[in-house]
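Working notes for the structure below.
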Amino acid sequence: MPEHPILVLDPSAADHHAEHEALRSRGPAARVDILGVTAWSVTDPVLLKELLTDARVSKDTRAHWPGFADAVTTWPLALWIAVNNMFTAYGGDHRRLRRMVAPAFSARRVQTMASTIEAIVTSLLDTIGSRPAGEIVDLREELAYPLPIAVIGRLMGVPDDHRQGFRSVVDGVFSTALAADEAAANTAALYKLLDELIAAKRAAPGDDMTSLLIAARDTEGDGGAMSDDELRDTLLLMISAGYETTVNGIDHGITALLTNPEQLAHVRAGRANWSDVVEETLRFEPAVKHLPLRCALEDLPLPDGQTIRAGEAILVSYAAANRHPDWHGESADRFDLTRPSSEHLAFGHGVHFCIGAPLARMEIAAALRLLFERFPDLELAVPTSELKPLHSLISNGHQTLPVRCVPARA
């Protein structure tokens, strides 16, 4: 088949849906440039699932990608491949690190957080509801952000006065609008906060996951379960992934229901439930568009005759795959709570499936349900065309989400 020129991905993500359609039109995988790094963007869901469970594909680019040394010093997204935690681990290292984190997200522990999540949402909605009727409120800023920050902050033991600092630097991690030097400065600021958190928890441990991980590290020593670098980068992963993606899920859930009122009517009439809303939102607008970076350990022939060569980088393109017409038909670009299946890849697939998925689902469902119960006449305060996307190839959300909140009649 004829070879397509490399598609340069727009770091501002100004029209990501058009870009994803262009990617799908090039076959199951296409060569792309992501901020100067060439990779294979995989958009076919069948192929993507195969690659995400193939032992010949590694997330440990430090060990397996020839481009690592150059990228880690010059690429604005260097942190995504340089961290030393289960996100970039392969094989036995991944199993070891995931096992240590798993207790924080056990079904029992997540379920015990349900009442806490509802209380946080209710408090946030009380504050929103105290505004004059019809006043414009940015729900990304006043609901979508503070809920997951509060939840992950409690789980990890991040003090209240440190949460805003973490939010700022984590936003920088997901941005693809930063130059390499700006990204490096943001990374330095992030590690400074992590080091301060570790020092504080060593001095005064609490009933939180950070203290538990530190105790395991300090008790077992250098030959134990986790190195100092792994400890720090594991905390980075849990705090950043624990809130950024949930923010976007809440953001897009609200937006989808306000721009598709007939779908909200299905929920109110009992033809769909809030779990259906969460899953269709995650299919329609997954919180992460593209996820860097994996590497082929050997040549991987593709169904269309192309080959991902050993050593070449792979970009997992969840958002493009979720709307693939071969998966969800001609209606793949439509938000529809009545579709036969809202199966998606928003949380990944295989051994790297997001460990915090049940908690994220719980938070998104609670936020949407309680919001639309409190404000049944909620409406967008601007035309949909004026909702600006985040400047990110990775994070999928809006810069702001302005709405008018009108309380339910007594």
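Scheme for the structure tokens: letters A, B, ... for chains in order shown; per-chain residue numbers from 1; ligand numbers from 1 in order shown.
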Original post:
What residues in stretch 103-240 of chain A get the DSSP label alpha helix (DSSP H)? Please answer as a VMD selection string.
Top reply: chain A and resid 107 to 112 114 to 129 139 146 to 156 160 to 174 180 to 203 209 to 220 228 to 240
**OP:** Fewer than 5 positions away in the same chain doesn't count, so skip those; otherwise give me all residues within 10 Å of A:Ser12, counting only C-alpha atoms, as number ranges by chain.
**Re:** A: 175-177, 389-393
Written selection (all heavy atoms) as a PDB file, in the first residue's frame:
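Okay, selection_5.pdb is ready:
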ATOM      1  N   SER A 175       0.258  19.240  29.786  1.00  0.00           N
ATOM      2  CA  SER A 175       0.270  20.237  28.718  1.00  0.00           C
ATOM      3  C   SER A 175       1.255  19.835  27.625  1.00  0.00           C
ATOM      4  O   SER A 175       2.341  19.337  27.904  1.00  0.00           O
ATOM      5  CB  SER A 175       0.655  21.608  29.275  1.00  0.00           C
ATOM      6  OG  SER A 175       0.825  22.543  28.219  1.00  0.00           O
ATOM      7  N   THR A 176       0.875  20.083  26.361  1.00  0.00           N
ATOM      8  CA  THR A 176       1.827  19.904  25.259  1.00  0.00           C
ATOM      9  C   THR A 176       2.113  21.247  24.596  1.00  0.00           C
ATOM     10  O   THR A 176       2.526  21.305  23.446  1.00  0.00           O
ATOM     11  CB  THR A 176       1.300  18.883  24.227  1.00  0.00           C
ATOM     12  OG1 THR A 176      -0.041  19.223  23.841  1.00  0.00           O
ATOM     13  CG2 THR A 176       1.301  17.483  24.815  1.00  0.00           C
ATOM     14  N   ALA A 177       1.876  22.319  25.355  1.00  0.00           N
ATOM     15  CA  ALA A 177       2.171  23.661  24.863  1.00  0.00           C
ATOM     16  C   ALA A 177       3.458  24.214  25.472  1.00  0.00           C
ATOM     17  O   ALA A 177       3.854  25.332  25.159  1.00  0.00           O
ATOM     18  CB  ALA A 177       1.000  24.607  25.169  1.00  0.00           C
ATOM     19  N   PRO A 389     -10.696  23.758  23.880  1.00  0.00           N
ATOM     20  CA  PRO A 389     -10.017  22.559  24.397  1.00  0.00           C
ATOM     21  C   PRO A 389      -8.733  22.916  25.125  1.00  0.00           C
ATOM     22  O   PRO A 389      -8.110  23.958  24.868  1.00  0.00           O
ATOM     23  CB  PRO A 389      -9.728  21.750  23.140  1.00  0.00           C
ATOM     24  CG  PRO A 389      -9.603  22.783  22.057  1.00  0.00           C
ATOM     25  CD  PRO A 389     -10.592  23.860  22.415  1.00  0.00           C
ATOM     26  N   LEU A 390      -8.330  22.048  26.042  1.00  0.00           N
ATOM     27  CA  LEU A 390      -7.019  22.179  26.663  1.00  0.00           C
ATOM     28  C   LEU A 390      -5.939  22.085  25.595  1.00  0.00           C
ATOM     29  O   LEU A 390      -6.077  21.352  24.612  1.00  0.00           O
ATOM     30  CB  LEU A 390      -6.797  21.063  27.688  1.00  0.00           C
ATOM     31  CG  LEU A 390      -7.693  21.038  28.920  1.00  0.00           C
ATOM     32  CD1 LEU A 390      -7.446  19.755  29.697  1.00  0.00           C
ATOM     33  CD2 LEU A 390      -7.453  22.247  29.798  1.00  0.00           C
ATOM     34  N   HIS A 391      -4.840  22.816  25.794  1.00  0.00           N
ATOM     35  CA  HIS A 391      -3.715  22.723  24.868  1.00  0.00           C
ATOM     36  C   HIS A 391      -2.910  21.476  25.221  1.00  0.00           C
ATOM     37  O   HIS A 391      -1.872  21.538  25.868  1.00  0.00           O
ATOM     38  CB  HIS A 391      -2.858  23.979  24.964  1.00  0.00           C
ATOM     39  CG  HIS A 391      -3.546  25.223  24.501  1.00  0.00           C
ATOM     40  ND1 HIS A 391      -4.265  25.290  23.329  1.00  0.00           N
ATOM     41  CD2 HIS A 391      -3.649  26.455  25.051  1.00  0.00           C
ATOM     42  CE1 HIS A 391      -4.767  26.493  23.168  1.00  0.00           C
ATOM     43  NE2 HIS A 391      -4.424  27.218  24.207  1.00  0.00           N
ATOM     44  N   SER A 392      -3.418  20.337  24.775  1.00  0.00           N
ATOM     45  CA  SER A 392      -2.777  19.082  25.133  1.00  0.00           C
ATOM     46  C   SER A 392      -3.140  17.988  24.140  1.00  0.00           C
ATOM     47  O   SER A 392      -4.306  17.825  23.776  1.00  0.00           O
ATOM     48  CB  SER A 392      -3.198  18.647  26.540  1.00  0.00           C
ATOM     49  OG  SER A 392      -2.613  17.400  26.877  1.00  0.00           O
ATOM     50  N   LEU A 393      -2.115  17.252  23.717  1.00  0.00           N
ATOM     51  CA  LEU A 393      -2.345  16.047  22.931  1.00  0.00           C
ATOM     52  C   LEU A 393      -2.734  14.876  23.809  1.00  0.00           C
ATOM     53  O   LEU A 393      -3.183  13.845  23.319  1.00  0.00           O
ATOM     54  CB  LEU A 393      -1.065  15.687  22.168  1.00  0.00           C
ATOM     55  CG  LEU A 393      -0.710  16.572  20.969  1.00  0.00           C
ATOM     56  CD1 LEU A 393       0.732  16.335  20.544  1.00  0.00           C
ATOM     57  CD2 LEU A 393      -1.656  16.301  19.813  1.00  0.00           C
TER      58      LEU A 393
END
**OP:** With a distance cut-off of 7 Å and only C-alpha atoms, select the neighbouring residues of stretch 330-339 of chain A, excluding the residue or stretch itself and same-chain residues fewer than 3 positions from it, and output the selection as a list in words.
**Re:** Gln263, Ala272, Asp276, Val277, Glu280, Phe284, Arg323, His324, Pro325 and Ser342 of chain A
What are the closest atom pairs, with distances in Å to one decimal, for all residues of stretch 307-330 of chain A lying within 10 Å of stretch 42-48 of chain A? Consider only C-alpha atoms, order rows by chain and residue number, and present the result as JSON lines.
{"residue": "A:Ile314", "atom": "CA", "partner": "A:Val42", "partner_atom": "CA", "distance": 7.3}
{"residue": "A:Leu315", "atom": "CA", "partner": "A:Val42", "partner_atom": "CA", "distance": 6.4}
{"residue": "A:Val316", "atom": "CA", "partner": "A:Val42", "partner_atom": "CA", "distance": 5.6}
{"residue": "A:Ser317", "atom": "CA", "partner": "A:Thr43", "partner_atom": "CA", "distance": 5.5}
{"residue": "A:Tyr318", "atom": "CA", "partner": "A:Thr43", "partner_atom": "CA", "distance": 7.0}
{"residue": "A:Ala319", "atom": "CA", "partner": "A:Thr43", "partner_atom": "CA", "distance": 8.1}
{"residue": "A:Ala320", "atom": "CA", "partner": "A:Thr43", "partner_atom": "CA", "distance": 5.5}
{"residue": "A:Ala321", "atom": "CA", "partner": "A:Thr43", "partner_atom": "CA", "distance": 4.5}
{"residue": "A:Asn322", "atom": "CA", "partner": "A:Pro45", "partner_atom": "CA", "distance": 7.3}
{"residue": "A:Arg323", "atom": "CA", "partner": "A:Thr43", "partner_atom": "CA", "distance": 9.2}
{"residue": "A:His324", "atom": "CA", "partner": "A:Asp44", "partner_atom": "CA", "distance": 6.9}
{"residue": "A:Pro325", "atom": "CA", "partner": "A:Asp44", "partner_atom": "CA", "distance": 9.6}
{"residue": "A:Asp326", "atom": "CA", "partner": "A:Asp44", "partner_atom": "CA", "distance": 8.3}
{"residue": "A:Trp327", "atom": "CA", "partner": "A:Pro45", "partner_atom": "CA", "distance": 7.2}
Please identify all polymer residues within 8 Å of A:Ile34, counting only C-alpha atoms, omitting same-chain residues fewer than 5 positions from it, and present them as a PDB file with N, CA, C and O atoms, in the first residue's frame.
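Output (result36.pdb):
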ATOM      1  N   VAL A   8       1.929  15.398  11.384  1.00  0.00           N
ATOM      2  CA  VAL A   8       2.386  16.153  12.544  1.00  0.00           C
ATOM      3  C   VAL A   8       1.172  16.488  13.422  1.00  0.00           C
ATOM      4  O   VAL A   8       0.271  17.206  12.996  1.00  0.00           O
ATOM      5  N   LEU A   9       1.138  15.950  14.631  1.00  0.00           N
ATOM      6  CA  LEU A   9       0.006  16.183  15.532  1.00  0.00           C
ATOM      7  C   LEU A   9       0.065  17.610  16.077  1.00  0.00           C
ATOM      8  O   LEU A   9       1.138  18.109  16.437  1.00  0.00           O
ATOM      9  N   PRO A  11      -0.023  20.279  18.672  1.00  0.00           N
ATOM     10  CA  PRO A  11       0.140  20.303  20.134  1.00  0.00           C
ATOM     11  C   PRO A  11      -0.931  21.105  20.853  1.00  0.00           C
ATOM     12  O   PRO A  11      -1.149  20.908  22.039  1.00  0.00           O
ATOM     13  N   ALA A  39       6.473   8.387  15.904  1.00  0.00           N
ATOM     14  CA  ALA A  39       5.889   7.186  16.511  1.00  0.00           C
ATOM     15  C   ALA A  39       4.773   6.659  15.621  1.00  0.00           C
ATOM     16  O   ALA A  39       4.304   7.351  14.713  1.00  0.00           O
TER      17      ALA A  39
END
Original post:
Which of these residues is nearest to A:Cys295, using only C-alpha atoms: A:Leu35, A:Ala55, A:Leu370, A:Leu124?
Top reply: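 Using only C-alpha atoms, the shortest distance to A:Cys295 belongs to A:Ala55.
If only C-alpha atoms are the atoms counted, then among A:Asn186, A:Thr259, A:Thr307, A:Ser395 the closest residue to A:Ala241 is A:Ser395.
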Subject >> Gap from atom CA of A:Trp40 to atom CA of A:Arg294 - Å, one decimal >> reply: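 Taking atom CA of A:Trp40 and atom CA of A:Arg294, their separation equals 9.5 Å.
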Subject >> For A:Lys59: contacts at 10 Å, only C-alpha atoms, fewer than 4 positions along chain excluded, given as a ChimeraX atom specification >> reply: /A:52,63-65,81,86-91,94,292-296,313-314,352
Original post:
If we count only C-alpha atoms, what is near A:Val403 at a cut-off of 9 Å, once residues fewer than 6 positions away on the same chain are taken out, given as a ChimeraX atom specification?
Top reply: /A:134-139,378-382
How would the residues just chosen look if you wrote them out with N, CA, C and O atoms as an mmCIF file, in the first residue's frame?
data_model
loop_
_atom_site.group_PDB
_atom_site.id
_atom_site.type_symbol
_atom_site.label_atom_id
_atom_site.label_comp_id
_atom_site.auth_asym_id
_atom_site.auth_seq_id
_atom_site.Cartn_x
_atom_site.Cartn_y
_atom_site.Cartn_z
ATOM 1 N N GLY A 134 -28.886 32.124 38.250
ATOM 2 C CA GLY A 134 -28.539 32.542 36.903
ATOM 3 C C GLY A 134 -27.125 33.047 36.737
ATOM 4 O O GLY A 134 -26.689 33.319 35.611
ATOM 5 N N GLU A 135 -26.375 33.171 37.829
ATOM 6 C CA GLU A 135 -24.993 33.632 37.720
ATOM 7 C C GLU A 135 -24.152 32.577 37.000
ATOM 8 O O GLU A 135 -24.340 31.382 37.182
ATOM 9 N N ILE A 136 -23.219 33.028 36.186
ATOM 10 C CA ILE A 136 -22.365 32.100 35.452
ATOM 11 C C ILE A 136 -21.319 31.490 36.388
ATOM 12 O O ILE A 136 -20.655 32.193 37.143
ATOM 13 N N VAL A 137 -21.207 30.175 36.332
ATOM 14 C CA VAL A 137 -20.268 29.429 37.163
ATOM 15 C C VAL A 137 -19.419 28.551 36.249
ATOM 16 O O VAL A 137 -19.941 27.914 35.325
ATOM 17 N N ASP A 138 -18.119 28.515 36.489
ATOM 18 C CA ASP A 138 -17.224 27.630 35.755
ATOM 19 C C ASP A 138 -17.190 26.284 36.488
ATOM 20 O O ASP A 138 -16.507 26.131 37.497
ATOM 21 N N LEU A 139 -17.926 25.306 35.961
ATOM 22 C CA LEU A 139 -18.028 24.022 36.653
ATOM 23 C C LEU A 139 -16.740 23.204 36.581
ATOM 24 O O LEU A 139 -16.537 22.318 37.415
ATOM 25 N N LEU A 378 -29.984 23.343 34.540
ATOM 26 C CA LEU A 378 -28.621 23.750 34.215
ATOM 27 C C LEU A 378 -28.487 23.968 32.708
ATOM 28 O O LEU A 378 -29.046 23.221 31.909
ATOM 29 N N GLU A 379 -27.734 24.997 32.312
ATOM 30 C CA GLU A 379 -27.532 25.246 30.886
ATOM 31 C C GLU A 379 -26.153 25.841 30.649
ATOM 32 O O GLU A 379 -25.585 26.517 31.521
ATOM 33 N N LEU A 380 -25.606 25.568 29.479
ATOM 34 C CA LEU A 380 -24.342 26.179 29.103
ATOM 35 C C LEU A 380 -24.527 27.682 28.969
ATOM 36 O O LEU A 380 -25.558 28.152 28.478
ATOM 37 N N ALA A 381 -23.510 28.429 29.390
ATOM 38 C CA ALA A 381 -23.588 29.893 29.334
ATOM 39 C C ALA A 381 -22.992 30.442 28.042
ATOM 40 O O ALA A 381 -23.053 31.653 27.807
ATOM 41 N N VAL A 382 -22.398 29.585 27.226
ATOM 42 C CA VAL A 382 -21.820 29.993 25.945
ATOM 43 C C VAL A 382 -22.194 28.947 24.902
ATOM 44 O O VAL A 382 -22.509 27.801 25.245
#
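Across A:Asp251, A:Asp299, A:Asp233, A:Asp207, the tightest approach to A:Tyr191 is made by A:Asp233 when counting only C-alpha atoms.
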Subject >> For A:Leu190, the nearest of the candidates A:Ile364, A:Ile149, A:Leu235, A:Val169, counting only C-alpha atoms >> reply: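 Closest candidate: A:Val169.
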